[in-house]
Amino acid sequence: MKLQDLTGLQFGRLSVIGRSENHGKHVRWSCVCDCGKSATVSSTHLKTGHTKSCGCVRDEVASCRAKSMAKHGMWNSPEWNSWKSMKDRCLRKTHDKYPLYGGRGITVFQEWIGSFDAFFAHVGCRPSSSHSIDRIDSNKGYEPGNVRWADINQQNNNKRTNVTVDIDGVLMTAAQVSHRFGITHRAAVYRIRRGLPLDGKS
């Protein structure tokens with residue numbers, strides 16, 4: 001079987017820069033982490049998501065958990081509340097947002113349903129108070145590889161109800177138009193739908 005060249009590909013925080021020496025039968029690759037450190041990782045660990053960083057993610061999670069546990073445990077922390085809300089939206093039929101989530105087939109990764117620790121180990125600490133849990137593909141469930149902490153701009157750009165427009169060959173969402181032209185999101189949607197100038201001058 002021909003070896004797949006992973007050079008230039010991104011896996012989590014790791015960017016593959018070239019082939020490294022094999023370790024026994026395991027093909028390994030030299031990588032650079034987003035934090036600047038180097039790491040040598042096997043093809044299998046990269047492709048399966050087993051290794052996503054040089055180790056900095058693990059350290060960050062451990063640090064965040066230690067700080068949270070020192071205060072009051074993870075219960076009622078922003079991360080814990082996000083986990084609970086995620087499950088409520090998808091699993092509790094009496095929840096007011098269930099029709100938009102569980103009601104339309106949005107699921108929660110089975111291991112995360114009963115284990116906050118498993119969920120937290122994957123997503124890590126919330127970067128800031130303006131971030132919340134977001135699905136990268138809004139038509140898929142809350143599962144490994146499809147969740148992230150996103151700020152309000154990322155959330156708006158990722159809505160399945162987004163209105164888009166082509167500007168100089170670039171497809172932009174209403175949220176991006178709002179930011180670029182300094183108009184409200186509602187005004188951006190209105191102007192895109194009616195084909196009006198986006199600079200707000202008419």
# chains A, B, ... in the order shown; residues from 1 in each chain; ligands from 1
>>> residues_around(residues="Ala150 in chain A", least_positions_apart="5", cutoff="6 Å", atoms="only C-alpha atoms", output="list in words")
His131, Ser132 and Asp134 of chain A
>>> select_by_dssp(residues="chain A", states="helix (DSSP H, G or I)", output="PyMOL selection string")
chain A and resi 43-48+56-71+78-91+98-100+102-104+110-113+116-123+152-157+174-181+185-194
>>> residues_around(residues="range 29-40 of chain A", least_positions_apart="4", cutoff="6 Å", atoms="only C-alpha atoms", output="list in words")
Arg13, Leu14, Ser15, Val16, Ile17, Gly18, Arg19, Ser20, Ser53 and Cys54 of chain A
>>> select_by_dssp(residues="range 98-159 of chain A", states="strand (DSSP E or B)", output="ChimeraX atom specification")
/A:108,132-135,142,147-150
>>> write_last_selection(atoms="C-alpha atoms", output="mmCIF file, in the first residue's frame")
data_model
loop_
_atom_site.group_PDB
_atom_site.id
_atom_site.type_symbol
_atom_site.label_atom_id
_atom_site.label_comp_id
_atom_site.auth_asym_id
_atom_site.auth_seq_id
_atom_site.Cartn_x
_atom_site.Cartn_y
_atom_site.Cartn_z
ATOM 1 C CA VAL A 108 -24.697 13.774 21.796
ATOM 2 C CA SER A 132 -19.760 28.924 24.068
ATOM 3 C CA ILE A 133 -19.934 25.402 22.676
ATOM 4 C CA ASP A 134 -20.482 25.313 18.916
ATOM 5 C CA ARG A 135 -20.879 22.542 16.338
ATOM 6 C CA TYR A 142 -22.105 17.016 19.442
ATOM 7 C CA VAL A 147 -17.343 20.718 18.666
ATOM 8 C CA ARG A 148 -15.302 23.760 19.655
ATOM 9 C CA TRP A 149 -15.419 26.811 21.871
ATOM 10 C CA ALA A 150 -16.563 29.658 19.583
#
>>> residues_around(residues="Val27 in chain A", least_positions_apart="3", cutoff="6 Å", atoms="only C-alpha atoms", output="count of residues only")
3
